[in-house]
Structure formats: C-alpha cells, structure tokens
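Source file: data-v9.cif (mmCIF, C-alpha atoms)
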```
data_run
#
loop_
_atom_site.label_atom_id
_atom_site.label_comp_id
_atom_site.auth_asym_id
_atom_site.auth_seq_id
_atom_site.Cartn_x
_atom_site.Cartn_y
_atom_site.Cartn_z
CA MET A 11 194.29 141.37 31.55
CA LYS A 12 194.68 145.10 31.23
CA LEU A 13 197.46 147.63 31.35
CA LYS A 14 196.71 150.48 33.74
CA GLN A 15 198.80 152.26 36.35
CA LEU A 16 201.23 149.39 36.92
CA SER A 17 203.81 148.20 34.41
CA PRO A 18 202.18 146.03 31.73
CA VAL A 19 203.42 142.62 32.81
CA ILE A 20 203.12 143.28 36.56
CA ALA A 21 199.55 144.50 36.05
CA ALA A 22 198.70 141.49 33.94
CA CYS A 23 200.23 138.97 36.29
CA ALA A 24 198.59 140.55 39.32
CA ALA A 25 195.21 140.45 37.66
CA LEU A 26 195.04 137.04 36.10
CA ALA A 27 194.71 135.01 36.92
CA ILE A 28 173.27 148.24 13.80
CA ALA A 29 171.45 150.40 16.23
CA ALA A 30 170.74 147.91 18.93
CA GLN A 31 169.44 145.54 16.27
CA PRO A 32 167.95 142.46 17.93
CA ALA A 33 169.31 139.15 16.71
CA VAL A 34 169.55 135.88 18.54
CA ALA A 35 173.23 135.00 18.96
CA SER A 36 172.92 131.62 17.30
CA ALA A 37 171.38 133.25 14.25
CA VAL A 38 174.53 135.18 13.44
CA ARG A 39 177.09 132.39 13.73
CA GLY A 40 179.79 132.53 11.08
CA VAL A 41 179.43 136.26 10.50
CA ALA A 42 182.48 137.45 12.39
CA GLY A 43 186.14 137.29 11.61
CA PRO A 44 188.13 136.21 8.60
CA ALA A 45 186.84 133.50 6.31
CA THR A 46 190.29 132.12 5.58
CA PRO A 47 193.01 130.93 7.96
CA ASP A 48 195.61 133.43 6.75
CA ALA A 49 194.07 136.20 8.85
CA LYS A 50 194.07 134.42 12.22
CA LYS A 51 197.46 135.31 13.66
CA GLY A 52 197.52 138.25 16.05
CA VAL A 53 199.03 139.74 19.19
CA VAL A 54 198.06 141.94 22.09
CA THR A 55 200.50 144.77 22.71
CA TRP A 56 201.29 148.08 24.31
CA VAL A 57 203.75 150.79 23.28
CA PHE A 58 207.44 149.87 23.62
CA ASP A 59 210.69 150.62 21.80
CA GLY A 60 210.40 149.02 18.37
CA VAL A 61 206.71 148.11 18.56
CA ASP A 62 206.01 148.80 14.89
CA ARG A 63 209.07 146.86 13.73
CA ALA A 64 208.13 144.01 16.05
CA LEU A 65 204.61 143.92 14.65
CA ALA A 66 205.99 143.73 11.14
CA LYS A 67 208.55 141.04 12.00
CA SER A 68 206.04 138.94 13.93
CA GLY A 69 203.90 138.20 10.90
CA ALA A 70 200.75 139.13 12.84
CA THR A 71 197.82 140.15 10.69
CA TRP A 72 196.00 141.97 13.49
CA TYR A 73 196.51 143.35 16.98
CA TYR A 74 194.71 145.03 19.85
CA THR A 75 195.73 147.13 22.85
CA TRP A 76 192.88 146.67 25.41
CA ALA A 77 191.78 150.14 24.31
CA PRO A 78 189.56 151.87 21.74
CA ASP A 79 192.63 153.18 19.91
CA HIS A 80 196.30 152.42 19.22
CA SER A 81 197.93 155.67 20.30
CA GLY A 82 201.70 155.48 19.81
CA ILE A 83 201.50 152.54 17.42
CA ALA A 84 201.40 153.26 13.71
CA GLY A 85 200.87 149.64 12.71
CA PRO A 86 202.50 148.22 9.59
CA ARG A 87 200.54 148.16 6.36
CA GLY A 88 198.30 145.12 6.22
CA VAL A 89 198.18 144.65 10.00
CA GLY A 90 194.70 145.48 11.25
CA PHE A 91 193.75 147.00 14.59
CA VAL A 92 190.73 145.86 16.61
CA PRO A 93 189.37 148.22 19.29
CA MET A 94 188.00 147.18 22.68
CA ILE A 95 185.43 148.56 25.09
CA TRP A 96 187.32 147.51 28.22
CA GLY A 97 184.75 148.08 30.96
CA ALA A 98 181.68 149.94 32.10
CA ALA A 99 183.46 153.29 32.37
CA ASN A 100 184.38 153.09 28.67
CA VAL A 101 180.77 152.88 27.50
CA THR A 102 180.55 156.55 26.59
CA ALA A 103 179.25 158.29 23.51
CA SER A 104 182.70 159.59 22.58
CA THR A 105 184.40 156.20 22.97
CA LEU A 106 181.70 154.43 21.02
CA ARG A 107 182.08 156.96 18.20
CA GLU A 108 185.84 156.44 18.31
CA VAL A 109 185.72 152.66 17.88
CA THR A 110 183.53 152.93 14.80
CA ARG A 111 186.43 154.70 13.06
CA GLU A 112 188.74 151.71 13.70
CA GLY A 113 187.22 149.10 11.41
CA HIS A 114 184.49 146.50 11.48
CA TYR A 115 185.23 144.45 14.62
CA LEU A 116 184.74 145.33 18.27
CA LEU A 117 185.93 143.43 21.35
CA GLY A 118 183.66 143.53 24.38
CA PHE A 119 184.49 143.81 28.07
CA ASN A 120 187.84 142.55 29.36
CA GLU A 121 187.72 139.83 32.04
CA PRO A 122 184.55 141.10 33.73
CA ASP A 123 184.71 138.04 35.99
CA LEU A 124 187.85 139.34 37.76
CA SER A 125 187.83 142.01 40.44
CA GLY A 126 191.15 143.39 39.18
CA GLN A 127 189.90 143.76 35.64
CA ALA A 128 186.55 145.01 34.23
CA ASN A 129 184.83 143.60 37.35
CA MET A 130 181.24 143.67 36.11
CA THR A 131 178.14 141.77 37.10
CA VAL A 132 176.32 139.90 34.35
CA ALA A 133 173.34 142.22 34.80
CA GLN A 134 175.53 145.30 34.38
CA ALA A 135 177.11 143.94 31.21
CA LEU A 136 173.73 143.02 29.72
CA ASN A 137 172.29 146.44 30.51
CA LEU A 138 175.16 148.14 28.67
CA TRP A 139 175.29 145.72 25.73
CA PRO A 140 172.74 147.52 23.50
CA LYS A 141 175.11 150.51 23.37
CA LEU A 142 177.84 148.26 21.94
CA MET A 143 175.38 146.73 19.48
CA ALA A 144 174.42 150.22 18.34
CA THR A 145 177.89 150.69 16.83
CA LYS A 146 176.76 148.17 14.16
CA MET A 147 180.21 146.56 14.42
CA ILE A 148 180.86 142.81 14.42
CA LEU A 149 180.77 142.24 18.13
CA GLY A 150 182.74 139.88 20.36
CA SER A 151 181.46 138.67 23.71
CA PRO A 152 183.00 139.79 26.98
CA ALA A 153 186.28 137.86 27.34
CA VAL A 154 186.18 136.00 30.63
CA ALA A 155 189.40 134.94 32.31
CA THR A 156 188.27 131.40 33.15
CA ASP A 157 185.42 128.89 32.93
CA ALA A 158 184.04 130.08 29.60
CA ALA A 159 182.35 126.71 28.97
CA THR A 160 181.13 126.13 32.54
CA PRO A 161 177.34 125.91 32.99
CA GLY A 162 176.28 128.75 35.26
CA GLY A 163 179.60 130.56 34.88
CA TRP A 164 179.87 134.27 34.12
CA LEU A 165 179.91 133.87 30.33
CA ASP A 166 177.20 131.23 30.37
CA GLN A 167 174.94 133.55 32.34
CA PHE A 168 175.71 136.42 29.98
CA MET A 169 174.99 134.38 26.85
CA ARG A 170 171.73 133.03 28.28
CA GLY A 171 170.72 136.59 29.14
CA ALA A 172 171.70 137.83 25.69
CA ARG A 173 169.62 135.16 24.00
CA ALA A 174 166.65 135.86 26.25
CA ARG A 175 166.82 139.54 25.31
CA HIS A 176 167.56 138.81 21.64
CA TYR A 177 170.88 140.63 21.87
CA ARG A 178 173.51 140.27 19.19
CA VAL A 179 176.81 138.48 19.92
CA ASN A 180 178.76 137.61 16.78
CA PHE A 181 181.67 135.69 18.24
CA ILE A 182 183.04 134.45 21.54
CA ALA A 183 186.23 136.08 22.87
CA VAL A 184 188.12 134.04 25.43
CA HIS A 185 191.44 133.89 27.31
CA TRP A 186 193.52 130.85 28.26
CA TYR A 187 196.75 130.44 30.24
CA GLY A 188 198.33 127.04 30.72
CA GLY A 189 200.15 125.91 33.83
CA ASN A 190 201.20 122.56 32.37
CA PHE A 191 204.50 123.15 30.59
CA ASP A 192 204.49 119.85 28.69
CA THR A 193 203.86 120.90 25.09
CA SER A 194 201.58 118.07 24.02
CA ALA A 195 199.51 118.20 27.19
CA ALA A 196 199.19 121.98 27.08
CA VAL A 197 198.06 122.01 23.45
CA GLN A 198 195.51 119.29 24.17
CA GLU A 199 194.17 121.19 27.19
CA LEU A 200 193.76 124.34 25.11
CA GLN A 201 192.10 122.48 22.25
CA SER A 202 189.69 120.71 24.60
CA TYR A 203 188.76 124.02 26.23
CA LEU A 204 188.04 125.67 22.88
CA ALA A 205 186.03 122.66 21.71
CA ALA A 206 183.87 122.82 24.83
CA ILE A 207 183.26 126.54 24.34
CA HIS A 208 182.28 126.03 20.72
CA ALA A 209 180.01 123.12 21.60
CA ARG A 210 178.22 125.23 24.19
CA TYR A 211 177.64 128.44 22.22
CA LYS A 212 177.92 127.35 18.57
CA LEU A 213 179.65 130.60 17.64
CA PRO A 214 183.07 131.44 16.17
CA ILE A 215 185.87 131.90 18.69
CA TRP A 216 188.58 134.52 19.03
CA LEU A 217 191.28 133.45 21.49
CA THR A 218 192.37 136.94 22.49
CA GLU A 219 194.97 136.10 25.15
CA PHE A 220 196.99 132.92 25.57
CA ALA A 221 200.42 131.73 26.67
CA LEU A 222 202.02 129.30 29.10
CA ILE A 223 201.99 131.00 32.50
CA ASN A 224 201.12 129.27 35.74
CA PHE A 225 199.03 131.61 37.88
CA ALA A 226 198.06 128.89 40.36
CA THR A 227 201.17 129.49 42.45
CA ALA A 228 201.78 132.35 44.92
CA LYS A 229 203.98 133.99 42.30
CA PRO A 230 203.39 133.34 38.58
CA THR A 231 205.83 130.82 37.10
CA PHE A 232 206.91 130.37 33.52
CA PRO A 233 208.29 127.60 31.32
CA THR A 234 211.79 127.77 29.93
CA PRO A 235 212.24 129.79 26.74
CA GLY A 236 212.53 126.53 24.82
CA GLN A 237 209.30 125.19 26.29
CA GLN A 238 207.43 128.40 25.53
CA ALA A 239 208.75 128.40 21.96
CA ALA A 240 207.72 124.77 21.46
CA PHE A 241 204.24 125.62 22.70
CA VAL A 242 204.00 128.59 20.31
CA THR A 243 204.82 126.33 17.38
CA ALA A 244 202.46 123.52 18.33
CA ALA A 245 199.58 125.69 19.57
CA THR A 246 199.49 127.99 16.55
CA ALA A 247 199.53 124.98 14.23
CA MET A 248 196.56 123.54 16.13
CA LEU A 249 194.69 126.85 16.07
CA GLN A 250 195.20 127.17 12.33
CA ARG A 251 193.49 123.80 11.88
CA LEU A 252 190.39 124.62 13.92
CA ALA A 253 187.85 126.15 11.56
CA TYR A 254 185.78 127.64 14.39
CA VAL A 255 188.77 129.55 15.77
CA GLN A 256 188.71 132.64 13.60
CA ARG A 257 191.48 134.64 15.27
CA TYR A 258 194.01 134.33 18.05
CA ALA A 259 196.27 136.82 19.83
CA TRP A 260 199.39 135.85 21.78
CA PHE A 261 200.10 137.50 25.13
CA ALA A 262 202.11 139.53 24.47
CA LEU A 263 204.19 141.21 21.77
CA PRO A 264 206.58 143.01 24.20
CA ALA A 265 209.08 141.10 26.34
CA THR A 266 209.94 142.65 29.70
CA SER A 267 211.94 141.60 32.74
CA GLY A 268 208.84 140.40 34.56
CA ASP A 269 207.15 138.29 31.93
CA GLY A 270 209.27 135.16 32.08
CA SER A 271 209.40 133.58 28.64
CA ALA A 272 206.09 134.78 27.19
CA GLY A 273 207.05 138.06 25.49
CA LEU A 274 207.89 137.89 21.79
CA PHE A 275 210.17 140.90 21.27
CA SER A 276 212.57 142.74 23.55
CA PRO A 277 213.10 146.51 23.15
CA GLY A 278 214.49 147.29 19.73
CA ALA A 279 212.31 144.55 18.19
CA VAL A 280 214.77 141.77 19.10
CA ALA A 281 212.98 138.45 18.93
CA THR A 282 213.00 136.09 21.91
CA ALA A 283 212.84 132.30 21.52
CA ALA A 284 209.05 132.54 21.60
CA GLY A 285 209.20 135.44 19.15
CA ARG A 286 211.26 133.46 16.65
CA ALA A 287 208.75 130.62 16.90
CA PHE A 288 205.88 133.06 16.42
CA GLU A 289 207.58 134.60 13.37
CA ALA A 290 207.84 131.15 11.82
CA ALA A 291 204.23 130.22 12.56
CA ALA A 292 201.73 130.26 9.74
CA GLY A 293 199.73 133.47 9.60
#
```

What would you get if you wrote out this structure as structure tokens?
Amino acid sequence: MKLKQLSPVIAACAALAIAAQPAVASAVRGVAGPATPDAKKGVVTWVFDGVDRALAKSGATWYYTWAPDHSGIAGPRGVGFVPMIWGAANVTASTLREVTREGHYLLGFNEPDLSGQANMTVAQALNLWPKLMATKMILGSPAVATDAATPGGWLDQFMRGARARHYRVNFIAVHWYGGNFDTSAAVQELQSYLAAIHARYKLPIWLTEFALINFATAKPTFPTPGQQAAFVTAATAMLQRLAYVQRYAWFALPATSGDGSAGLFSPGAVATAAGRAFEAAAG
C-alpha cells in the first residue's frame, strides 16, 4: 500500500488488495533486524493529529512511512524510523543519499506486483537493485502484496534473479491481510504463510503490513472492533514467538472513517479497541 494523492485509507484500500557488494542472499541470513524480540513491534503511519503521542502510547519500537523520510513526525525517543525506496521513480541519487542518513535498515520497493502500487517488472527491479545495495544499508526485499511463497510468483522470480546475479538481499519484507475474521483461523493462516516464506528463502522476515481486512469483496470489509482487537493480541503473541520474524508493522497507526476497525489511534491519539490491544502487546 502507499499513500499518494488520495486519502491514506482510501488509497490503501483501492490498491490492495556496500557499494553494490555481491553476496548471495542465503549467505547473509541472520544479518538483518534486531537480535532480540523486544525490538519487533512496529507500525506504518502517516501524519495525523497526535501522531507522535500515538507512537509513544503504542509501544512501537520502530515505524515507517512508505517514504525515505518522516517529514512531520518527530518520533519519540527510542522509536526508530526505517526509510523506504517506494518505486522506480525514487531510485535517485538524492533519495539514496537521504536514506543513508536515516539509520542502518532500508525497505525495498512497495508492492511491485500491483498496478496501483510500485508496479514494476521483475527485470526492472533487478536492474535497479545494485543502486539500493550501494547504500551499504541492511536491505529488505521488495514487499509483494500476495503470493510471496508461490513458486514462479513475483518475489520468487526476483529472488531467483538476485541469487543468479549474486545480489544482496538481507531479509524478506512481506504484507498480509486476512479475510477470515475468526481469530484462531486468521492467526494460523498468517503463521502458515510466514512459515512457507521462510522455508522457501531461508532469510529473516519483516512483516511490514498486516491486519484483518477482506479485500476479496467488491468493497473492503472489516471485522468488528472486538474481533480486530482479539486478532491483534493473538497475532502479535504469535509473531513474538517466531524467531525468524524479526520485525512486524501493523497497518496502520492512524484510525480514519474509512478504515473500519484496523486503525490504532483516532485524532488526538485516542486509542481504538485495536489500539488498546496493540498497546498491551509485548514489544
């Protein structure tokens, strides 16, 4: 997902669905991300009334904004920011210099498998990848919207191409949205998906967008606030237990009129049911 000309939630719902150092991806497994579980918990956000207070209240240890910077967000002390190179148009010398000032981690292209998002061919992404590697940052794969573990899928093709070219990918970034609003079933579906991704690529995983939202219908549908909150509690507990999941980011920190039950904080940093569950989740 990505926030552009449309309002954040409408845009998201409409869409979703070392200087070029060569290193085989499997040779750098375990490099990226925090070594301990207390740095996993994160959120994706945009600017809204009370964003800094909401970040502090949420207990998140990191956040990102789909952008190379966090303009308009100060960020509480101890809450790290991770920049992103969203798409092909962002692979510029100035943007690549900018992200190196934002820390050690870099997120790759955002949902290149969707026409409404980064919308990139595998060949295009591979051709641009050495420029991201040249930042010398710990580098996450392009985050596909779906089918991350599917043989022959967009990410599978990219990773096979990266290995063939001896390109560096330090961790796998992935998105997941669940349309089954039964808590136990949804958590199991997410866990199975992550396990399949890890089995395929043998690299650490960052789950950089997730929530219960059903995009399979003509208009996205959402669980009740209580169901979303129950999923937050159960899913974060599961993610904390999975050693190969190094970070996760809930979609999203702000709550707006169009996001159903997924948003964590209304304007003024007022926690929703999901937000209260997220606050209580282990960090």

Exercise. Between A:Leu263, A:Ala172, A:Val92, A:Ala133, single out the one closest to Val109 in chain A, counting all atoms listed in the file.
Key: A:Val92

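Reported to one decimal place, the separation of CA of Ala77 in chain A from CA of Val280 in chain A is 25.0 Å.
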
Exercise. Please write as a PyMOL selection string the full residue list that the PyMOL selection byres ((chain A and resi 74) around 8) yields on this file.
Key: chain A and resi 53-55+72-73+75-77+80+91-94

Quiz item: If you apply the PyMOL selection byres ((chain A and resi 291) around 12) to this file, what residues do you get, as a PyMOL selection string?
Solution: chain A and resi 48+50-52+67-71+239-250+260+284-290+292-293

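In this structure, CA of Ser104 in chain A sits 10.4 Å away from CA of Pro78 in chain A.
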
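The residues caught by the PyMOL selection byres ((chain A and resi 105) around 12) in this file are Ala77, Pro78, Asp79, Pro93, Met94, Ile95, Trp96, Gly97, Ala98, Ala99, Asn100, Val101, Thr102, Ala103, Ser104, Leu106, Arg107, Glu108, Val109, Thr110, Arg111, Glu112, Leu116, Lys141, Leu142 and Thr145 of chain A.
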
Put a box with edges along x, y and z around all the listed atoms of range 224-234 of chain A, pad it by 6 Å on each side, then give me its centre and sizes in Å, one decimal, as JSON.
```
{"center_x": 204.9, "center_y": 130.8, "center_z": 37.4, "size_x": 25.7, "size_y": 18.4, "size_z": 27.0}
```

Quiz prompt | All residues 12 Å or closer to Ala155 in chain A, only C-alpha atoms, same chain fewer than 5 positions away omitted, as a VMD selection string | solution = chain A and resid 11 to 12 22 25 to 27 119 to 129 163 to 165 183 to 187 217 to 220 225

Same residues, C-alpha atoms, output as a PDB file, keeping the file's coordinate frame:
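Just written: part.pdb:
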```pdb
ATOM      1  CA  MET A  11     194.290 141.370  31.550  1.00  0.00           C
ATOM      2  CA  LYS A  12     194.680 145.100  31.230  1.00  0.00           C
ATOM      3  CA  ALA A  22     198.700 141.490  33.940  1.00  0.00           C
ATOM      4  CA  ALA A  25     195.210 140.450  37.660  1.00  0.00           C
ATOM      5  CA  LEU A  26     195.040 137.040  36.100  1.00  0.00           C
ATOM      6  CA  ALA A  27     194.710 135.010  36.920  1.00  0.00           C
ATOM      7  CA  PHE A 119     184.490 143.810  28.070  1.00  0.00           C
ATOM      8  CA  ASN A 120     187.840 142.550  29.360  1.00  0.00           C
ATOM      9  CA  GLU A 121     187.720 139.830  32.040  1.00  0.00           C
ATOM     10  CA  PRO A 122     184.550 141.100  33.730  1.00  0.00           C
ATOM     11  CA  ASP A 123     184.710 138.040  35.990  1.00  0.00           C
ATOM     12  CA  LEU A 124     187.850 139.340  37.760  1.00  0.00           C
ATOM     13  CA  SER A 125     187.830 142.010  40.440  1.00  0.00           C
ATOM     14  CA  GLY A 126     191.150 143.390  39.180  1.00  0.00           C
ATOM     15  CA  GLN A 127     189.900 143.760  35.640  1.00  0.00           C
ATOM     16  CA  ALA A 128     186.550 145.010  34.230  1.00  0.00           C
ATOM     17  CA  ASN A 129     184.830 143.600  37.350  1.00  0.00           C
ATOM     18  CA  GLY A 163     179.600 130.560  34.880  1.00  0.00           C
ATOM     19  CA  TRP A 164     179.870 134.270  34.120  1.00  0.00           C
ATOM     20  CA  LEU A 165     179.910 133.870  30.330  1.00  0.00           C
ATOM     21  CA  ALA A 183     186.230 136.080  22.870  1.00  0.00           C
ATOM     22  CA  VAL A 184     188.120 134.040  25.430  1.00  0.00           C
ATOM     23  CA  HIS A 185     191.440 133.890  27.310  1.00  0.00           C
ATOM     24  CA  TRP A 186     193.520 130.850  28.260  1.00  0.00           C
ATOM     25  CA  TYR A 187     196.750 130.440  30.240  1.00  0.00           C
ATOM     26  CA  LEU A 217     191.280 133.450  21.490  1.00  0.00           C
ATOM     27  CA  THR A 218     192.370 136.940  22.490  1.00  0.00           C
ATOM     28  CA  GLU A 219     194.970 136.100  25.150  1.00  0.00           C
ATOM     29  CA  PHE A 220     196.990 132.920  25.570  1.00  0.00           C
ATOM     30  CA  PHE A 225     199.030 131.610  37.880  1.00  0.00           C
TER      31      PHE A 225
END
```

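Reported to one decimal place, the separation of CA of Leu274 in chain A from CA of Phe191 in chain A is 17.5 Å.
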
Range 82-165 of chain A near range 201-206 of chain A within 10 Å: what's each residue's closest atom pair and its distance in Å to one decimal, counting all atoms listed in the file, ordered by chain then ascending residue number, as JSON lines?
```
{"residue": "A:Asp157", "atom": "CA", "partner": "A:Tyr203", "partner_atom": "CA", "distance": 8.9}
{"residue": "A:Ala158", "atom": "CA", "partner": "A:Tyr203", "partner_atom": "CA", "distance": 8.4}
{"residue": "A:Ala159", "atom": "CA", "partner": "A:Ala206", "partner_atom": "CA", "distance": 5.9}
{"residue": "A:Thr160", "atom": "CA", "partner": "A:Ala206", "partner_atom": "CA", "distance": 8.8}
```
